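**Student:** Dropping the structure in here first, questions after.
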Amino acid sequence: MASEKRQKAIDLSHHLSYVSRARTTSPLKGLSKYMGRPGLISLAGGMPSETYFPFETVSADVLVPDSFTLKETGQESGISWFWKLFARSNKPKTAPVSIPKFPEAPGDVNLAVALQYGTATGIPQLQKFIKDFVDKVYQPAYSDYSILVQTGNTDGWSRVMQTIMNPGEGFLTEEWTYPSAVSASKPFGMHPVPVAMDKDGMSSIDLRKVLSEWDETVRGCRRPHVMYTVPVGQNPCGSTMGATRKKEIYDVCVEYDVIIVEDDPYFFLQQGDYVPKTDRGSESASHLNDEDWLSSLDPSYLKFDYEGRVIRLDTFSKYIAPGSRLGWHTCNPLFAERLERQGETSAQAPCGFGQSLVTQLLMTWKYDGYIRWLHGLAVQYKARRDFFIDCLADEFHFEPSSSEISFWKGCQVFDAYPKQSGKRLFMSEKGLGTKLFSFVPPSSGMFIWIQIHFENHPTYRSRHADEPDERLEMQLWTKIAEAGVLVSPGWFFAADTENPPTDEVEGHFRISFSNSDFESLKKAVHVFSKCTKDFFKA
Ligand SMILES: Cc1ncc(COP(=O)(O)O)c(C=O)c1O
């Protein structure tokens, strides 16, 4: 983007926490501006000599960017499915990459530098790749944004929290949210403030209501000035927030001076609507080229951020490997500088092995290759999502319905009933049997969020709802786990676990379709189906 047309970030320094304001440059890190000067003899730091690093070279065989076909082959199973992921042959095609300790070309990734004590900003080649990527893909609406590496979004959020929040403060978040984000806040005396959701994720109407009606005396703390949100592949609900809603929320945040922390690990796993198997061809090629696919994705909050009030968290966990422990913040330069001060007194910098290998991979693939890789992954996860829902459709009878539950309002909801063969459960008015669960097919990410209709369970009326051991959600969860399938119980994901948003409904499960092979997914759905049907007969 042409930076001249964009304004600079506004002054948001009043959001900094007391802890963050108190941070000074680590005295030794202050020397770093001299590092790299030609001819400099450094006798200052406690750095081991690079000649004592036992690694002369780090080498790897990496998959080529188009390893994963853009053909949607989701209806196959087992090993044949696995190998067909690789478009051209039965063996994955790889290319060697190598990072020498002392490379000849000055611009190459230098293992001696990557493994040495370094700056919290990361190795220069990685910074350059990320900056270029952010500019091209997310297109921030202000000019002087900074990027700063971190060790994944868990670390990213933890650092942000301590940089812009003080103990006792609340932060706005979706009513169902990522539990680790809440757990990270609690020891600091911070707490989530739930905002209602609908099919697009966080509701801008409820957000305005929460902020405009904030009563410090009733709530016991000042009005929140920070929002934590997972807008794409919403964890756990699987919704995707489009441009219109993001713009609405951004505008409310400008009005109430709220900083938006956009935790977005699933941005490139946008999958569109689920189309039932009967309406799909058996194998369809993604009709979009990489560039068109990229522009078809719903944009990041950065695209609307003309003031610099978004702190975006990106991670390589879902696209390269969680063990790389590598990601980055994109934010205004003031926040980036404070986050850097924090980074240099904790991890100092992400691990040099991870940084150098990921950087070498990205420099080998280049920008276009990485986009092709991401496109391939998006197609694979869509195929997984479709396959998983197809398996559910094989086990249950689906009836389309609409829902009164806030976060599904306006969505096409699928109600699941037992298939009518064998012994019938008690009949509903429609003659369909017991409504067992409902869900909305996720439009991005890795999870299906299902609501179990425990109100139809034979013991529902007679039991004590407020005794945790009695919760039907945990009883069914245990039954499924004992049968060999682990899903996540819904209560984990309530922003406010004391008062989960379950007025009428008892429980949910979050089921991940991201990891197991197709054969195991099918088996898991069968186990889930059997346990659930049995449970409702109890
Ligand atoms: C919303 C969300 N944020 C963060 C993470 C963790 O990311 P990282 O591996 O980068 O720490 C996850 C992973 O499951 C997630 O779902």
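By order in the structure tokens, chains are A, B, ...; within a chain, residues start at 1; ligands start at 1, following the order shown.
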If you take only C-alpha atoms and all ligand atoms and a cut-off of 9 Å, which residues of chain A touch ligand 1, and what are their nearest atom pairs and distances in Å to one decimal, in chain and number order, as JSON lines?

**Tutor:**
{"residue": "A:Gln150", "atom": "CA", "partner": "ligand 1", "partner_atom_place_in_ligand_line": "10 (O)", "distance": 8.9}
{"residue": "A:Thr151", "atom": "CA", "partner": "ligand 1", "partner_atom_place_in_ligand_line": "10 (O)", "distance": 7.0}
{"residue": "A:Gly152", "atom": "CA", "partner": "ligand 1", "partner_atom_place_in_ligand_line": "10 (O)", "distance": 3.3}
{"residue": "A:Asn153", "atom": "CA", "partner": "ligand 1", "partner_atom_place_in_ligand_line": "10 (O)", "distance": 3.7}
{"residue": "A:Thr154", "atom": "CA", "partner": "ligand 1", "partner_atom_place_in_ligand_line": "11 (O)", "distance": 3.7}
{"residue": "A:Asp155", "atom": "CA", "partner": "ligand 1", "partner_atom_place_in_ligand_line": "11 (O)", "distance": 6.2}
{"residue": "A:Gly156", "atom": "CA", "partner": "ligand 1", "partner_atom_place_in_ligand_line": "11 (O)", "distance": 7.6}
{"residue": "A:Trp157", "atom": "CA", "partner": "ligand 1", "partner_atom_place_in_ligand_line": "4 (C)", "distance": 8.2}
{"residue": "A:Thr177", "atom": "CA", "partner": "ligand 1", "partner_atom_place_in_ligand_line": "1 (C)", "distance": 7.7}
{"residue": "A:Tyr178", "atom": "CA", "partner": "ligand 1", "partner_atom_place_in_ligand_line": "1 (C)", "distance": 5.3}
{"residue": "A:Pro179", "atom": "CA", "partner": "ligand 1", "partner_atom_place_in_ligand_line": "1 (C)", "distance": 8.5}
{"residue": "A:Ser180", "atom": "CA", "partner": "ligand 1", "partner_atom_place_in_ligand_line": "4 (C)", "distance": 7.7}
{"residue": "A:Ala181", "atom": "CA", "partner": "ligand 1", "partner_atom_place_in_ligand_line": "3 (N)", "distance": 7.3}
{"residue": "A:Thr229", "atom": "CA", "partner": "ligand 1", "partner_atom_place_in_ligand_line": "1 (C)", "distance": 8.1}
{"residue": "A:Val230", "atom": "CA", "partner": "ligand 1", "partner_atom_place_in_ligand_line": "1 (C)", "distance": 5.6}
{"residue": "A:Pro231", "atom": "CA", "partner": "ligand 1", "partner_atom_place_in_ligand_line": "1 (C)", "distance": 8.9}
{"residue": "A:Val232", "atom": "CA", "partner": "ligand 1", "partner_atom_place_in_ligand_line": "1 (C)", "distance": 8.8}
{"residue": "A:Gly233", "atom": "CA", "partner": "ligand 1", "partner_atom_place_in_ligand_line": "1 (C)", "distance": 8.2}
{"residue": "A:Gln234", "atom": "CA", "partner": "ligand 1", "partner_atom_place_in_ligand_line": "1 (C)", "distance": 7.1}
{"residue": "A:Asn235", "atom": "CA", "partner": "ligand 1", "partner_atom_place_in_ligand_line": "1 (C)", "distance": 5.5}
{"residue": "A:Pro236", "atom": "CA", "partner": "ligand 1", "partner_atom_place_in_ligand_line": "16 (O)", "distance": 8.0}
{"residue": "A:Asp263", "atom": "CA", "partner": "ligand 1", "partner_atom_place_in_ligand_line": "3 (N)", "distance": 5.7}
{"residue": "A:Asp264", "atom": "CA", "partner": "ligand 1", "partner_atom_place_in_ligand_line": "1 (C)", "distance": 6.6}
{"residue": "A:Pro265", "atom": "CA", "partner": "ligand 1", "partner_atom_place_in_ligand_line": "2 (C)", "distance": 6.0}
{"residue": "A:Tyr266", "atom": "CA", "partner": "ligand 1", "partner_atom_place_in_ligand_line": "16 (O)", "distance": 7.7}
{"residue": "A:Leu313", "atom": "CA", "partner": "ligand 1", "partner_atom_place_in_ligand_line": "10 (O)", "distance": 8.3}
{"residue": "A:Asp314", "atom": "CA", "partner": "ligand 1", "partner_atom_place_in_ligand_line": "10 (O)", "distance": 7.2}
{"residue": "A:Thr315", "atom": "CA", "partner": "ligand 1", "partner_atom_place_in_ligand_line": "10 (O)", "distance": 4.6}
{"residue": "A:Phe316", "atom": "CA", "partner": "ligand 1", "partner_atom_place_in_ligand_line": "10 (O)", "distance": 6.6}
{"residue": "A:Ser317", "atom": "CA", "partner": "ligand 1", "partner_atom_place_in_ligand_line": "9 (O)", "distance": 4.8}
{"residue": "A:Lys318", "atom": "CA", "partner": "ligand 1", "partner_atom_place_in_ligand_line": "9 (O)", "distance": 7.4}
{"residue": "A:Ala321", "atom": "CA", "partner": "ligand 1", "partner_atom_place_in_ligand_line": "9 (O)", "distance": 8.4}
{"residue": "A:Pro322", "atom": "CA", "partner": "ligand 1", "partner_atom_place_in_ligand_line": "9 (O)", "distance": 5.2}
{"residue": "A:Gly323", "atom": "CA", "partner": "ligand 1", "partner_atom_place_in_ligand_line": "9 (O)", "distance": 7.9}
{"residue": "A:Ser324", "atom": "CA", "partner": "ligand 1", "partner_atom_place_in_ligand_line": "9 (O)", "distance": 8.8}
{"residue": "A:Arg325", "atom": "CA", "partner": "ligand 1", "partner_atom_place_in_ligand_line": "9 (O)", "distance": 6.6}
{"residue": "A:Leu326", "atom": "CA", "partner": "ligand 1", "partner_atom_place_in_ligand_line": "10 (O)", "distance": 6.9}
{"residue": "A:Gly327", "atom": "CA", "partner": "ligand 1", "partner_atom_place_in_ligand_line": "10 (O)", "distance": 6.4}
{"residue": "A:Gly445", "atom": "CA", "partner": "ligand 1", "partner_atom_place_in_ligand_line": "16 (O)", "distance": 8.6}
{"residue": "A:Met446", "atom": "CA", "partner": "ligand 1", "partner_atom_place_in_ligand_line": "16 (O)", "distance": 8.7}

**Student:** Considering only C-alpha atoms, return as a PyMOL selection string whatever protein or nucleic-acid residues lie within 8 Å of Ala336 of chain A, sequence-local ones (same chain, fewer than 6 positions apart) excluded.

**Tutor:** chain A and resi 146-148+329-330

**Student:** Could you go through segment 215-421 of chain A and tell me which residues DSSP, when run on the backbone, assigns to alpha helix (DSSP H), listing them as a compact mmCIF listing (two decimals) with N, CA and C atoms, in the first residue's frame?

**Tutor:**
# COMPACT_ATOMS: atom_id res chain seq x y z
N GLU A 216 -19.70 1.57 36.81
CA GLU A 216 -18.51 1.18 37.56
C GLU A 216 -18.86 0.62 38.94
N THR A 217 -19.89 1.19 39.57
CA THR A 217 -20.25 0.74 40.93
C THR A 217 -20.79 -0.69 40.89
N VAL A 218 -21.67 -0.95 39.92
CA VAL A 218 -22.25 -2.29 39.83
C VAL A 218 -21.19 -3.30 39.39
N ARG A 219 -20.40 -2.91 38.39
CA ARG A 219 -19.43 -3.84 37.80
C ARG A 219 -18.16 -3.98 38.64
N ALA A 243 -16.25 -8.27 6.83
CA ALA A 243 -15.78 -6.88 6.83
C ALA A 243 -16.79 -5.93 7.47
N THR A 244 -18.07 -6.12 7.20
CA THR A 244 -19.07 -5.16 7.70
C THR A 244 -19.08 -5.15 9.22
N ARG A 245 -19.12 -6.34 9.83
CA ARG A 245 -19.15 -6.41 11.30
C ARG A 245 -17.86 -5.87 11.88
N LYS A 246 -16.74 -6.17 11.24
CA LYS A 246 -15.46 -5.67 11.78
C LYS A 246 -15.45 -4.15 11.77
N LYS A 247 -15.95 -3.58 10.71
CA LYS A 247 -15.98 -2.12 10.61
C LYS A 247 -16.88 -1.54 11.71
N GLU A 248 -18.04 -2.19 11.92
CA GLU A 248 -18.95 -1.71 12.97
C GLU A 248 -18.28 -1.76 14.34
N ILE A 249 -17.62 -2.89 14.61
CA ILE A 249 -16.97 -3.04 15.92
C ILE A 249 -15.82 -2.05 16.05
N TYR A 250 -15.07 -1.88 14.96
CA TYR A 250 -13.96 -0.93 15.01
C TYR A 250 -14.48 0.48 15.36
N ASP A 251 -15.57 0.85 14.73
CA ASP A 251 -16.13 2.20 14.98
C ASP A 251 -16.57 2.36 16.44
N VAL A 252 -17.18 1.30 17.00
CA VAL A 252 -17.57 1.37 18.42
C VAL A 252 -16.30 1.52 19.27
N CYS A 253 -15.26 0.80 18.91
CA CYS A 253 -14.02 0.86 19.70
C CYS A 253 -13.36 2.24 19.60
N VAL A 254 -13.50 2.89 18.45
CA VAL A 254 -12.98 4.27 18.34
C VAL A 254 -13.78 5.17 19.28
N GLU A 255 -15.09 5.00 19.24
CA GLU A 255 -15.97 5.86 20.06
C GLU A 255 -15.67 5.70 21.55
N ASP A 290 -4.29 -18.42 -6.64
CA ASP A 290 -3.87 -18.04 -5.28
C ASP A 290 -4.23 -16.59 -4.96
N GLU A 291 -4.04 -15.74 -5.94
CA GLU A 291 -4.29 -14.31 -5.69
C GLU A 291 -5.78 -14.05 -5.42
N ASP A 292 -6.62 -14.70 -6.26
CA ASP A 292 -8.07 -14.50 -6.09
C ASP A 292 -8.55 -15.13 -4.78
N TRP A 293 -7.96 -16.28 -4.45
CA TRP A 293 -8.32 -16.91 -3.16
C TRP A 293 -8.00 -15.97 -2.01
N LEU A 294 -6.79 -15.37 -2.07
CA LEU A 294 -6.38 -14.46 -0.99
C LEU A 294 -7.33 -13.27 -0.90
N SER A 295 -7.70 -12.73 -2.05
CA SER A 295 -8.61 -11.57 -1.95
C SER A 295 -10.04 -11.98 -1.61
N SER A 296 -10.35 -13.28 -1.68
CA SER A 296 -11.70 -13.71 -1.29
C SER A 296 -11.85 -13.82 0.23
N PRO A 333 3.79 1.73 16.69
CA PRO A 333 5.19 1.66 17.12
C PRO A 333 5.38 1.82 18.63
N LEU A 334 4.50 2.58 19.28
CA LEU A 334 4.64 2.77 20.72
C LEU A 334 4.42 1.44 21.45
N PHE A 335 3.33 0.75 21.11
CA PHE A 335 3.06 -0.54 21.76
C PHE A 335 4.17 -1.55 21.40
N ALA A 336 4.62 -1.51 20.15
CA ALA A 336 5.65 -2.46 19.73
C ALA A 336 6.93 -2.26 20.55
N GLU A 337 7.25 -1.01 20.81
CA GLU A 337 8.46 -0.71 21.58
C GLU A 337 8.33 -1.23 23.02
N ARG A 338 7.14 -1.05 23.60
CA ARG A 338 6.92 -1.53 24.99
C ARG A 338 6.91 -3.07 25.03
N LEU A 339 6.32 -3.68 24.00
CA LEU A 339 6.30 -5.14 23.94
C LEU A 339 7.73 -5.70 23.77
N GLU A 340 8.52 -4.94 23.02
CA GLU A 340 9.92 -5.35 22.83
C GLU A 340 10.68 -5.30 24.16
N ARG A 341 10.46 -4.21 24.93
CA ARG A 341 11.11 -4.10 26.25
C ARG A 341 10.73 -5.30 27.11
N GLN A 342 9.46 -5.70 27.02
CA GLN A 342 9.03 -6.83 27.82
C GLN A 342 9.69 -8.12 27.33
N GLY A 343 9.74 -8.27 26.00
CA GLY A 343 10.31 -9.49 25.41
C GLY A 343 11.77 -9.67 25.80
N GLU A 344 12.52 -8.57 25.84
CA GLU A 344 13.95 -8.73 26.09
C GLU A 344 14.28 -9.10 27.53
N GLY A 352 16.48 -19.59 18.28
CA GLY A 352 17.23 -19.38 17.04
C GLY A 352 17.04 -20.50 16.03
N PHE A 353 16.87 -21.74 16.50
CA PHE A 353 16.65 -22.84 15.55
C PHE A 353 15.33 -22.63 14.81
N GLY A 354 14.28 -22.33 15.59
CA GLY A 354 12.96 -22.12 14.99
C GLY A 354 13.00 -20.94 14.03
N GLN A 355 13.57 -19.85 14.48
CA GLN A 355 13.62 -18.65 13.62
C GLN A 355 14.37 -18.92 12.32
N SER A 356 15.54 -19.58 12.45
CA SER A 356 16.34 -19.74 11.22
C SER A 356 15.68 -20.73 10.26
N LEU A 357 15.13 -21.81 10.80
CA LEU A 357 14.50 -22.80 9.90
C LEU A 357 13.26 -22.24 9.22
N VAL A 358 12.42 -21.56 9.99
CA VAL A 358 11.19 -21.00 9.39
C VAL A 358 11.57 -19.92 8.38
N THR A 359 12.57 -19.10 8.73
CA THR A 359 12.97 -18.03 7.81
C THR A 359 13.54 -18.61 6.52
N GLN A 360 14.37 -19.63 6.66
CA GLN A 360 14.96 -20.23 5.46
C GLN A 360 13.87 -20.84 4.58
N LEU A 361 12.89 -21.47 5.23
CA LEU A 361 11.77 -22.06 4.50
C LEU A 361 11.03 -20.97 3.71
N LEU A 362 10.73 -19.86 4.40
CA LEU A 362 9.97 -18.79 3.75
C LEU A 362 10.79 -18.12 2.64
N MET A 363 12.11 -18.01 2.86
CA MET A 363 12.94 -17.40 1.81
C MET A 363 13.08 -18.33 0.61
N THR A 364 12.98 -19.63 0.87
CA THR A 364 13.04 -20.60 -0.23
C THR A 364 11.73 -20.59 -1.01
N TRP A 365 10.63 -20.63 -0.28
CA TRP A 365 9.30 -20.62 -0.94
C TRP A 365 8.99 -19.26 -1.56
N LYS A 366 9.47 -18.22 -0.94
CA LYS A 366 9.15 -16.82 -1.27
C LYS A 366 7.67 -16.54 -0.98
N TYR A 367 7.30 -15.27 -1.14
CA TYR A 367 5.93 -14.85 -0.80
C TYR A 367 4.90 -15.68 -1.57
N ASP A 368 5.10 -15.82 -2.89
CA ASP A 368 4.11 -16.53 -3.70
C ASP A 368 4.00 -18.00 -3.28
N GLY A 369 5.13 -18.59 -2.95
CA GLY A 369 5.12 -19.99 -2.54
C GLY A 369 4.39 -20.17 -1.21
N TYR A 370 4.59 -19.24 -0.30
CA TYR A 370 3.91 -19.36 1.01
C TYR A 370 2.40 -19.20 0.83
N ILE A 371 1.99 -18.29 -0.05
CA ILE A 371 0.56 -18.11 -0.31
C ILE A 371 -0.01 -19.41 -0.92
N ARG A 372 0.73 -20.01 -1.83
CA ARG A 372 0.25 -21.28 -2.43
C ARG A 372 0.13 -22.36 -1.35
N TRP A 373 1.10 -22.38 -0.44
CA TRP A 373 1.06 -23.35 0.66
C TRP A 373 -0.20 -23.14 1.51
N LEU A 374 -0.46 -21.89 1.85
CA LEU A 374 -1.63 -21.56 2.68
C LEU A 374 -2.92 -21.93 1.96
N HIS A 375 -2.95 -21.67 0.64
CA HIS A 375 -4.14 -22.02 -0.15
C HIS A 375 -4.37 -23.54 -0.09
N GLY A 376 -3.28 -24.29 -0.25
CA GLY A 376 -3.39 -25.76 -0.18
C GLY A 376 -3.93 -26.20 1.16
N LEU A 377 -3.46 -25.59 2.24
CA LEU A 377 -3.95 -25.97 3.58
C LEU A 377 -5.44 -25.64 3.72
N ALA A 378 -5.82 -24.48 3.20
CA ALA A 378 -7.24 -24.08 3.31
C ALA A 378 -8.13 -25.12 2.66
N VAL A 379 -7.71 -25.63 1.50
CA VAL A 379 -8.52 -26.64 0.80
C VAL A 379 -8.57 -27.94 1.62
N GLN A 380 -7.44 -28.29 2.20
CA GLN A 380 -7.42 -29.52 3.01
C GLN A 380 -8.36 -29.43 4.22
N TYR A 381 -8.33 -28.31 4.91
CA TYR A 381 -9.19 -28.17 6.11
C TYR A 381 -10.66 -28.11 5.72
N LYS A 382 -10.94 -27.53 4.57
CA LYS A 382 -12.33 -27.51 4.10
C LYS A 382 -12.78 -28.95 3.83
N ALA A 383 -11.91 -29.73 3.21
CA ALA A 383 -12.25 -31.13 2.93
C ALA A 383 -12.49 -31.89 4.24
N ARG A 384 -11.70 -31.59 5.24
CA ARG A 384 -11.87 -32.24 6.55
C ARG A 384 -13.21 -31.85 7.17
N ARG A 385 -13.50 -30.55 7.14
CA ARG A 385 -14.77 -30.08 7.69
C ARG A 385 -15.93 -30.79 7.01
N ASP A 386 -15.87 -30.82 5.65
CA ASP A 386 -16.96 -31.43 4.90
C ASP A 386 -17.08 -32.92 5.22
N PHE A 387 -15.92 -33.59 5.28
CA PHE A 387 -15.94 -35.03 5.55
C PHE A 387 -16.57 -35.31 6.92
N PHE A 388 -16.18 -34.52 7.90
CA PHE A 388 -16.68 -34.75 9.26
C PHE A 388 -18.20 -34.59 9.31
N ILE A 389 -18.69 -33.54 8.67
CA ILE A 389 -20.15 -33.31 8.70
C ILE A 389 -20.86 -34.39 7.88
N ASP A 390 -20.23 -34.82 6.78
CA ASP A 390 -20.82 -35.93 6.01
C ASP A 390 -20.95 -37.17 6.89
N CYS A 391 -19.93 -37.43 7.72
CA CYS A 391 -19.98 -38.61 8.61
C CYS A 391 -21.15 -38.46 9.60
N LEU A 392 -21.32 -37.25 10.12
CA LEU A 392 -22.46 -37.03 11.04
C LEU A 392 -23.78 -37.30 10.30
N ALA A 393 -23.82 -36.86 9.04
CA ALA A 393 -25.06 -37.04 8.25
C ALA A 393 -25.31 -38.53 7.98
N ASP A 394 -24.24 -39.33 7.94
CA ASP A 394 -24.44 -40.78 7.76
C ASP A 394 -25.05 -41.41 9.01
N GLU A 395 -24.77 -40.81 10.15
CA GLU A 395 -25.21 -41.41 11.44
C GLU A 395 -26.55 -40.86 11.93

**Student:** With a distance cut-off of 9 Å and only C-alpha atoms, select the neighbouring residues of segment 396-400 of chain A, excluding the residue or stretch itself and same-chain residues fewer than 2 positions from it, and output the selection as a list in words.

**Tutor:**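 Here the qualifying residues turn out to be Cys391, Leu392, Ala393, Asp394, Ser402, Gln412, Val413, Phe414, Asp415, Ala416, Tyr417, Pro418, Lys419, Gln420, Leu432, Ser438 and Ser529 of chain A.
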
**Student:** Mind checking DSSP for segment 201-359 of chain A and telling me the strand (DSSP E or B) residues as JSON, numbers by chain?

**Tutor:** {"A": [201, 202, 226, 227, 228, 229, 232, 240, 259, 260, 261, 262, 263, 270, 284, 285, 310, 311, 312, 313, 314, 315, 327, 328, 329, 330, 331]}

**Student:** For Val149 of chain A, which residue out of A:Pro350, A:Pro441, A:Gly220, A:Gly238 is the nearest one, using only C-alpha atoms?

**Tutor:**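 Smallest separation from Val149 of chain A among the options: A:Pro350.
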
**Student:** Would you kindly return, as a ChimeraX atom specification, each protein, DNA or RNA residue with an atom no farther than 9 Å from any atom of Met47 of chain A, considering only C-alpha atoms and excluding same-chain residues fewer than 4 positions away?

**Tutor:** /A:43,116-117

**Student:** Please produce an output containing all heavy atoms for each residue in the selection, written as a compact mmCIF listing (two decimals), in the first residue's frame.

**Tutor:**
# COMPACT_ATOMS: atom_id res chain seq x y z
N LEU A 43 33.58 -6.57 23.30
CA LEU A 43 34.04 -7.22 24.53
C LEU A 43 33.01 -6.99 25.63
O LEU A 43 33.31 -7.12 26.82
CB LEU A 43 35.40 -6.65 24.96
CG LEU A 43 36.51 -6.66 23.90
CD1 LEU A 43 37.79 -6.02 24.45
CD2 LEU A 43 36.80 -8.07 23.42
N GLN A 116 23.07 -17.01 18.33
CA GLN A 116 23.72 -16.13 19.33
C GLN A 116 22.63 -15.37 20.11
O GLN A 116 21.47 -15.35 19.70
CB GLN A 116 24.64 -15.14 18.58
CG GLN A 116 25.53 -14.29 19.44
CD GLN A 116 26.37 -15.08 20.44
OE1 GLN A 116 25.87 -15.37 21.54
NE2 GLN A 116 27.60 -15.42 20.08
N TYR A 117 22.98 -14.77 21.23
CA TYR A 117 22.03 -13.84 21.84
C TYR A 117 21.66 -12.81 20.78
O TYR A 117 22.54 -12.29 20.09
CB TYR A 117 22.67 -13.11 23.03
CG TYR A 117 22.80 -13.97 24.26
CD1 TYR A 117 24.05 -14.29 24.78
CD2 TYR A 117 21.67 -14.45 24.92
CE1 TYR A 117 24.17 -15.07 25.92
CE2 TYR A 117 21.77 -15.24 26.05
CZ TYR A 117 23.03 -15.55 26.55
OH TYR A 117 23.13 -16.33 27.66
